[in-house]
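Shown next: work_36.cif, given as mmCIF, C-alpha atoms.
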data_work
loop_
_atom_site.label_atom_id
_atom_site.label_comp_id
_atom_site.auth_asym_id
_atom_site.auth_seq_id
_atom_site.Cartn_x
_atom_site.Cartn_y
_atom_site.Cartn_z
CA MET M 1 -37.88 366.86 140.05
CA SER M 2 -39.49 365.78 143.30
CA SER M 3 -37.99 362.76 145.01
CA ILE M 4 -41.49 361.77 146.19
CA SER M 5 -43.97 361.11 143.40
CA LEU M 6 -47.50 362.25 144.17
CA GLY M 7 -50.69 361.03 142.54
CA ILE M 8 -52.60 363.96 141.04
CA VAL M 9 -56.12 364.23 139.63
CA ILE M 10 -57.08 367.07 137.27
CA ILE M 11 -60.67 368.26 137.00
CA VAL M 12 -61.39 370.56 134.06
CA VAL M 13 -64.51 372.56 134.92
CA SER M 14 -66.11 373.82 131.74
CA ASP M 15 -69.43 373.89 129.95
CA SER M 16 -67.71 373.72 126.56
CA ARG M 17 -64.31 372.00 126.76
CA ASN M 18 -63.56 368.35 126.16
CA GLU M 19 -60.42 366.27 125.61
CA GLN M 20 -59.99 367.64 122.07
CA THR M 21 -60.51 371.33 122.91
CA ASP M 22 -58.95 371.46 126.38
CA LYS M 23 -55.74 373.51 126.68
CA SER M 24 -55.55 374.26 130.41
CA GLY M 25 -55.80 370.65 131.55
CA LYS M 26 -53.16 369.76 128.96
CA VAL M 27 -50.79 372.37 130.43
CA LEU M 28 -51.23 370.81 133.86
CA GLU M 29 -50.98 367.26 132.50
CA ASP M 30 -47.67 368.01 130.76
CA ARG M 31 -46.21 369.66 133.86
CA ILE M 32 -47.32 366.86 136.18
CA ASN M 33 -45.75 364.24 133.92
CA THR M 34 -42.44 366.09 133.55
CA SER M 35 -42.16 366.83 137.29
CA GLY M 36 -41.96 363.19 138.36
CA HIS M 37 -45.53 363.02 139.64
CA LYS M 38 -48.22 360.70 138.33
CA LEU M 39 -51.41 361.86 136.65
CA ILE M 40 -54.06 359.50 137.99
CA LYS M 41 -56.87 360.80 135.80
CA LYS M 42 -58.25 363.87 134.08
CA ILE M 43 -61.98 364.49 134.49
CA PHE M 44 -64.24 366.92 132.62
CA LEU M 45 -67.18 368.38 134.55
CA LYS M 46 -69.80 370.97 133.71
CA ASP M 47 -69.66 374.13 135.83
CA ASN M 48 -72.28 372.95 138.30
CA PHE M 49 -71.88 373.24 142.08
CA GLU M 50 -73.49 369.90 142.95
CA ASP M 51 -71.56 367.95 140.28
CA ILE M 52 -68.24 369.45 141.40
CA LYS M 53 -69.00 368.86 145.08
CA THR M 54 -70.07 365.25 144.47
CA LYS M 55 -66.95 364.47 142.43
CA LEU M 56 -64.69 366.11 145.03
CA LYS M 57 -66.25 364.03 147.83
CA GLU M 58 -65.72 360.88 145.79
CA LEU M 59 -62.09 361.78 145.11
CA ILE M 60 -61.40 362.77 148.73
CA SER M 61 -62.45 359.29 149.87
CA SER M 62 -60.12 357.57 147.38
CA ASP M 63 -56.59 356.58 148.37
CA ASN M 64 -54.80 356.56 144.99
CA HIS M 65 -53.88 360.26 144.90
CA ASN M 66 -52.69 363.13 147.11
CA VAL M 67 -53.66 366.21 145.10
CA ILE M 68 -56.71 367.42 143.18
CA ILE M 69 -56.29 370.36 140.80
CA LEU M 70 -59.37 372.01 139.33
CA SER M 71 -59.09 374.30 136.33
CA GLY M 72 -62.01 376.60 135.56
CA GLY M 73 -65.08 378.02 137.22
CA THR M 74 -63.21 380.46 139.46
CA GLY M 75 -64.47 383.69 137.91
CA LEU M 76 -67.31 385.97 138.91
CA THR M 77 -70.07 385.03 136.47
CA GLY M 78 -73.29 383.31 137.49
CA ARG M 79 -72.18 379.77 136.62
CA ASP M 80 -68.71 380.03 138.21
CA SER M 81 -69.05 377.75 141.23
CA THR M 82 -65.71 376.00 141.72
CA PRO M 83 -64.58 377.94 144.84
CA GLU M 84 -67.95 377.40 146.52
CA ALA M 85 -67.83 373.66 145.78
CA VAL M 86 -64.26 373.41 147.08
CA LYS M 87 -65.11 375.37 150.23
CA SER M 88 -68.02 373.02 150.89
CA VAL M 89 -65.69 369.99 151.18
CA ILE M 90 -62.44 371.29 152.64
CA LYS M 91 -61.62 371.29 156.35
CA LYS M 92 -58.90 373.96 156.17
CA GLU M 93 -58.35 376.71 153.64
CA ILE M 94 -54.83 377.61 152.48
CA PRO M 95 -55.37 381.37 151.99
CA GLY M 96 -51.76 382.06 150.97
CA PHE M 97 -52.22 380.11 147.74
CA GLY M 98 -54.86 382.48 146.36
CA GLU M 99 -52.96 385.51 147.60
CA ILE M 100 -49.70 384.43 145.96
CA PHE M 101 -51.50 383.43 142.77
CA ARG M 102 -53.14 386.86 142.49
CA MET M 103 -49.79 388.55 143.19
CA ILE M 104 -48.20 386.58 140.33
CA SER M 105 -51.19 387.38 138.09
CA TYR M 106 -51.04 391.07 139.00
CA ASN M 107 -47.54 391.24 137.53
CA LYS M 108 -48.97 390.03 134.21
CA ILE M 109 -52.56 391.28 133.99
CA ALA M 110 -52.57 394.11 136.54
CA THR M 111 -55.83 394.78 138.35
CA SER M 112 -57.71 392.22 136.23
CA SER M 113 -56.20 389.69 138.66
CA LEU M 114 -58.88 390.64 141.21
CA GLN M 115 -61.39 388.70 139.09
CA SER M 116 -59.67 385.43 139.99
CA ARG M 117 -61.00 383.46 142.93
CA ALA M 118 -58.17 380.92 142.81
CA MET M 119 -57.95 379.11 146.14
CA ALA M 120 -56.67 376.02 147.89
CA GLY M 121 -57.50 373.88 150.87
CA LEU M 122 -57.21 370.56 152.66
CA ALA M 123 -59.81 367.81 152.81
CA ASP M 124 -58.67 364.88 154.93
CA ASP M 125 -55.25 364.10 153.46
CA LYS M 126 -55.85 365.68 150.03
CA PHE M 127 -54.59 369.04 148.84
CA ILE M 128 -57.13 370.74 146.56
CA PHE M 129 -56.21 373.64 144.28
CA ALA M 130 -58.78 375.63 142.28
CA LEU M 131 -57.23 377.51 139.35
CA PRO M 132 -58.68 379.74 136.64
CA GLY M 133 -59.40 377.97 133.36
CA SER M 134 -56.90 379.77 131.14
CA PRO M 135 -53.71 378.02 130.03
CA GLY M 136 -51.67 381.03 131.20
CA ALA M 137 -53.17 380.88 134.69
CA CYS M 138 -52.46 377.14 134.91
CA ARG M 139 -48.87 377.73 133.77
CA ASP M 140 -48.43 380.54 136.31
CA ALA M 141 -49.86 378.49 139.18
CA TRP M 142 -47.80 375.40 138.38
CA ASP M 143 -44.53 377.09 137.43
CA ASN M 144 -44.50 379.58 140.29
CA ILE M 145 -46.22 377.78 143.17
CA LEU M 146 -47.20 374.15 142.71
CA VAL M 147 -43.96 372.88 141.20
CA HIS M 148 -42.18 374.05 144.35
CA GLN M 149 -44.73 373.15 147.03
CA LEU M 150 -45.37 369.70 145.54
CA ASN M 151 -41.63 369.02 145.43
CA SER M 152 -40.29 367.18 148.47
CA ASN M 153 -36.85 368.77 147.87
CA THR M 154 -38.05 372.39 148.23
CA LYS M 155 -36.56 374.02 151.32
CA PRO M 156 -37.16 375.35 153.90
CA CYS M 157 -40.50 373.54 153.65
CA ASN M 158 -43.06 372.10 151.25
CA LEU M 159 -46.55 370.63 151.32
CA VAL M 160 -45.31 367.10 150.58
CA GLU M 161 -43.63 366.75 153.96
CA LEU M 162 -46.97 367.45 155.66
CA ILE M 163 -48.80 364.53 154.03
CA PRO M 164 -47.96 361.92 156.72
CA ARG M 165 -49.34 364.26 159.40
CA LEU M 166 -52.53 365.50 157.70
CA LYS M 167 -54.85 363.05 159.46
CA GLU M 168 -53.45 363.70 162.95
CA THR M 169 -56.00 364.47 165.64
#

This structure in structure tokens:
Amino acid sequence: MSSISLGIVIIVVSDSRNEQTDKSGKVLEDRINTSGHKLIKKIFLKDNFEDIKTKLKELISSDNHNVIILSGGTGLTGRDSTPEAVKSVIKKEIPGFGEIFRMISYNKIATSSLQSRAMAGLADDKFIFALPGSPGACRDAWDNILVHQLNSNTKPCNLVELIPRLKET
């Protein structure tokens, strides 16, 4: 459990899921709550570039959270637009996140992992993570990456310790 509790927002990107049918957001919600962090809100958005971008900009300007996790819209089909929306608002990409995620996925789904465009970046003082929309992918990302990097006790380093310095010029 992290000694510093972060505020986290979940965005479920889907044209069909809602609070009753959502499984991926629930996986993330459960893990956030049991890790000592605080779920600020869970939002459902259609897979639409402009809607995702607008919501991200709104959330980036808010001060009640440190992390935004999107689930869904990271595939290769025509409507999958989450990575493009995230890239349009971030200032710095965190390429290692996507690389590590695909490495973890490769161990489970082999070369099908290349279809994931999971990614992460920084916008002002917010960490943004874009995950595939499957419950398994959300479990893998949280259990193998996020739980450690969002834990202020992880050594030798973690993302939490960077938060006070993210707005430095």

Item to complete: Can you pull out every residue within 12 Å of Glu50 of chain M, counting all atoms listed in the file, but drop anything in the same chain fewer than 6 positions away, and send it as a PyMOL selection string?
Response: chain M and resi 56-57+79+81-82+84-86+88-89

Take the selection from the previous step and output its residues with C-alpha atoms, as a CSV table (one decimal), in the frame of the given file.
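Written output follows (out.csv):
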chain,number,residue,atom,x,y,z
M,56,LEU,CA,-64.7,366.1,145.0
M,57,LYS,CA,-66.2,364.0,147.8
M,79,ARG,CA,-72.2,379.8,136.6
M,81,SER,CA,-69.0,377.8,141.2
M,82,THR,CA,-65.7,376.0,141.7
M,84,GLU,CA,-68.0,377.4,146.5
M,85,ALA,CA,-67.8,373.7,145.8
M,86,VAL,CA,-64.3,373.4,147.1
M,88,SER,CA,-68.0,373.0,150.9
M,89,VAL,CA,-65.7,370.0,151.2

Worksheet item: Which of these, M:Asp30, M:Asp125, M:Glu58, M:Asp143, has the shortest distance to Leu162 of chain M once you count all atoms listed in the file?
Response: M:Asp125

Worksheet entry | Nearest candidate to Arg17 of chain M (options M:Ser152, M:Thr111, M:Thr34, M:Ser71; using only C-alpha atoms) |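 Answer, going by the shortest atom-to-atom distance: M:Ser71.
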
Centre, edges in Å (one decimal): axis-aligned box, segment 114-124 of chain M, 8 Å padding on all six sides, as AutoDock Vina command-line options:
--center_x -59.0 --center_y 377.8 --center_z 147.0 --size_x 20.7 --size_y 41.8 --size_z 31.8

Practice prompt. Name the residues in contact with Lys87 of chain M at a cut-off of 12 Å, using all atoms listed in the file, excluding same-chain residues fewer than 3 positions from it; report them as a PyMOL selection string.
Written response: chain M and resi 49+52-53+56-57+81-84+90-95+117-123+128-130

Discussion item. Counting all atoms listed in the file, which residue out of M:Asp124, M:Asp47, M:Glu168, M:Asp140 sits closest to Ser62 of chain M?
Written reply: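 The closest residue to Ser62 of chain M is M:Asp124.
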
Item to complete: Name the residues that the PyMOL selection byres ((chain M and resi 150) around 8) picks from the file above, as a list in words, using the file's chain letters and numbers.
Response: Ser2, Leu6, Leu146, Val147, His148, Gln149, Asn151, Ser152, Asn158, Leu159 and Val160 of chain M

Worksheet item: Applied to this file, what does the PyMOL selection byres ((chain M and resi 102-106) around 12) return in terms of residues, put as JSON, numbers by chain?
Response: {"M": [95, 96, 97, 98, 99, 100, 101, 107, 108, 109, 110, 111, 112, 113, 114, 115, 116, 117, 118, 119, 131, 132, 134, 136, 137, 138, 139, 140, 141, 142, 143, 144, 145]}

Item to complete: For the structure shown, which residues end up in the PyMOL selection byres ((chain M and resi 16) around 10)? Put them as a VMD selection string, please?
Response: chain M and resid 13 to 15 17 to 18 21 to 22 44 to 47

Discussion item. Let me make sure I understand: among M:Lys23, M:Arg31, M:Lys167, M:Lys41, which one has the smallest atom-to-atom distance to Ile11 of chain M if we use only C-alpha atoms?
Written reply: M:Lys41

Worksheet item: Which distance in Å separates atom CA of Ile32 of chain M and atom CA of Thr154 of chain M, to one decimal?
Response: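 So the answer is 16.2 Å.
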
Worksheet item: Rounded to one decimal in Å, what is the spacing between atom CA of Asp63 of chain M and atom CA of Phe127 of chain M?
Response: 12.6 Å

Worksheet item: Rounded to one decimal in Å, what is the spacing between atom CA of Ile69 of chain M and atom CA of Ser5 of chain M?
Response: 15.6 Å

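Counting only C-alpha atoms and comparing M:Asn33, M:Ser24, M:Thr54, M:Asn66, the residue that lies closest to Val9 of chain M is M:Asn66.
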
Neighbouring residues of Ile8 of chain M were defined as those with any atom within 6 Å, considering all atoms listed in the file; residues of the same chain fewer than 4 positions away were excluded. Please report them as a CSV table (one decimal) with C-alpha atoms, in the coordinates of the input.
chain,number,residue,atom,x,y,z
M,39,LEU,CA,-51.4,361.9,136.6
M,40,ILE,CA,-54.1,359.5,138.0
M,65,HIS,CA,-53.9,360.3,144.9
M,67,VAL,CA,-53.7,366.2,145.1
M,68,ILE,CA,-56.7,367.4,143.2

Would you mind completing segment 133-158 of chain M so that it carries N, CA and C atoms, and writing it out as a PDB file, keeping the file's coordinate frame?
ATOM      1  N   GLY M 133     -59.400 378.895 134.488  1.00  0.00           N
ATOM      2  CA  GLY M 133     -59.400 377.970 133.360  1.00  0.00           C
ATOM      3  C   GLY M 133     -58.529 378.349 132.185  1.00  0.00           C
ATOM      4  N   SER M 134     -57.761 379.408 132.272  1.00  0.00           N
ATOM      5  CA  SER M 134     -56.900 379.770 131.140  1.00  0.00           C
ATOM      6  C   SER M 134     -55.574 379.023 131.202  1.00  0.00           C
ATOM      7  N   PRO M 135     -55.007 378.686 130.034  1.00  0.00           N
ATOM      8  CA  PRO M 135     -53.710 378.020 130.030  1.00  0.00           C
ATOM      9  C   PRO M 135     -52.631 378.852 130.737  1.00  0.00           C
ATOM     10  N   GLY M 136     -52.661 380.169 130.555  1.00  0.00           N
ATOM     11  CA  GLY M 136     -51.670 381.030 131.200  1.00  0.00           C
ATOM     12  C   GLY M 136     -51.768 380.973 132.716  1.00  0.00           C
ATOM     13  N   ALA M 137     -52.988 380.969 133.238  1.00  0.00           N
ATOM     14  CA  ALA M 137     -53.170 380.880 134.690  1.00  0.00           C
ATOM     15  C   ALA M 137     -52.678 379.537 135.220  1.00  0.00           C
ATOM     16  N   CYS M 138     -52.936 378.464 134.486  1.00  0.00           N
ATOM     17  CA  CYS M 138     -52.460 377.140 134.910  1.00  0.00           C
ATOM     18  C   CYS M 138     -50.942 377.077 134.876  1.00  0.00           C
ATOM     19  N   ARG M 139     -50.341 377.664 133.839  1.00  0.00           N
ATOM     20  CA  ARG M 139     -48.870 377.730 133.770  1.00  0.00           C
ATOM     21  C   ARG M 139     -48.321 378.520 134.960  1.00  0.00           C
ATOM     22  N   ASP M 140     -48.906 379.699 135.214  1.00  0.00           N
ATOM     23  CA  ASP M 140     -48.430 380.540 136.310  1.00  0.00           C
ATOM     24  C   ASP M 140     -48.534 379.823 137.650  1.00  0.00           C
ATOM     25  N   ALA M 141     -49.670 379.179 137.909  1.00  0.00           N
ATOM     26  CA  ALA M 141     -49.860 378.490 139.180  1.00  0.00           C
ATOM     27  C   ALA M 141     -48.874 377.332 139.327  1.00  0.00           C
ATOM     28  N   TRP M 142     -48.717 376.541 138.272  1.00  0.00           N
ATOM     29  CA  TRP M 142     -47.800 375.400 138.380  1.00  0.00           C
ATOM     30  C   TRP M 142     -46.351 375.869 138.459  1.00  0.00           C
ATOM     31  N   ASP M 143     -45.950 376.716 137.534  1.00  0.00           N
ATOM     32  CA  ASP M 143     -44.530 377.090 137.430  1.00  0.00           C
ATOM     33  C   ASP M 143     -44.034 377.932 138.599  1.00  0.00           C
ATOM     34  N   ASN M 144     -44.930 378.669 139.245  1.00  0.00           N
ATOM     35  CA  ASN M 144     -44.500 379.580 140.290  1.00  0.00           C
ATOM     36  C   ASN M 144     -44.863 379.149 141.705  1.00  0.00           C
ATOM     37  N   ILE M 145     -45.799 378.216 141.832  1.00  0.00           N
ATOM     38  CA  ILE M 145     -46.220 377.780 143.170  1.00  0.00           C
ATOM     39  C   ILE M 145     -46.179 376.265 143.307  1.00  0.00           C
ATOM     40  N   LEU M 146     -47.003 375.583 142.516  1.00  0.00           N
ATOM     41  CA  LEU M 146     -47.200 374.150 142.710  1.00  0.00           C
ATOM     42  C   LEU M 146     -45.940 373.329 142.481  1.00  0.00           C
ATOM     43  N   VAL M 147     -45.172 373.657 141.457  1.00  0.00           N
ATOM     44  CA  VAL M 147     -43.960 372.880 141.200  1.00  0.00           C
ATOM     45  C   VAL M 147     -43.034 372.877 142.418  1.00  0.00           C
ATOM     46  N   HIS M 148     -43.044 373.953 143.173  1.00  0.00           N
ATOM     47  CA  HIS M 148     -42.180 374.050 144.350  1.00  0.00           C
ATOM     48  C   HIS M 148     -42.817 373.385 145.578  1.00  0.00           C
ATOM     49  N   GLN M 149     -44.094 373.681 145.830  1.00  0.00           N
ATOM     50  CA  GLN M 149     -44.730 373.150 147.030  1.00  0.00           C
ATOM     51  C   GLN M 149     -45.089 371.675 146.925  1.00  0.00           C
ATOM     52  N   LEU M 150     -45.146 371.133 145.712  1.00  0.00           N
ATOM     53  CA  LEU M 150     -45.370 369.700 145.540  1.00  0.00           C
ATOM     54  C   LEU M 150     -44.062 368.955 145.299  1.00  0.00           C
ATOM     55  N   ASN M 151     -42.959 369.608 145.586  1.00  0.00           N
ATOM     56  CA  ASN M 151     -41.630 369.020 145.430  1.00  0.00           C
ATOM     57  C   ASN M 151     -41.052 368.782 146.822  1.00  0.00           C
ATOM     58  N   SER M 152     -40.797 367.528 147.147  1.00  0.00           N
ATOM     59  CA  SER M 152     -40.290 367.180 148.470  1.00  0.00           C
ATOM     60  C   SER M 152     -38.885 367.725 148.732  1.00  0.00           C
ATOM     61  N   ASN M 153     -38.202 368.213 147.699  1.00  0.00           N
ATOM     62  CA  ASN M 153     -36.850 368.770 147.870  1.00  0.00           C
ATOM     63  C   ASN M 153     -36.854 370.274 148.121  1.00  0.00           C
ATOM     64  N   THR M 154     -37.991 370.945 148.020  1.00  0.00           N
ATOM     65  CA  THR M 154     -38.050 372.390 148.230  1.00  0.00           C
ATOM     66  C   THR M 154     -37.810 372.700 149.701  1.00  0.00           C
ATOM     67  N   LYS M 155     -36.891 373.606 149.956  1.00  0.00           N
ATOM     68  CA  LYS M 155     -36.560 374.020 151.320  1.00  0.00           C
ATOM     69  C   LYS M 155     -36.798 375.512 151.454  1.00  0.00           C
ATOM     70  N   PRO M 156     -37.221 376.022 152.605  1.00  0.00           N
ATOM     71  CA  PRO M 156     -37.160 375.350 153.900  1.00  0.00           C
ATOM     72  C   PRO M 156     -38.313 374.396 154.171  1.00  0.00           C
ATOM     73  N   CYS M 157     -39.408 374.468 153.405  1.00  0.00           N
ATOM     74  CA  CYS M 157     -40.500 373.540 153.650  1.00  0.00           C
ATOM     75  C   CYS M 157     -41.362 373.406 152.395  1.00  0.00           C
ATOM     76  N   ASN M 158     -42.192 372.367 152.390  1.00  0.00           N
ATOM     77  CA  ASN M 158     -43.060 372.100 151.250  1.00  0.00           C
ATOM     78  C   ASN M 158     -44.300 371.365 151.745  1.00  0.00           C
TER      79      ASN M 158
END
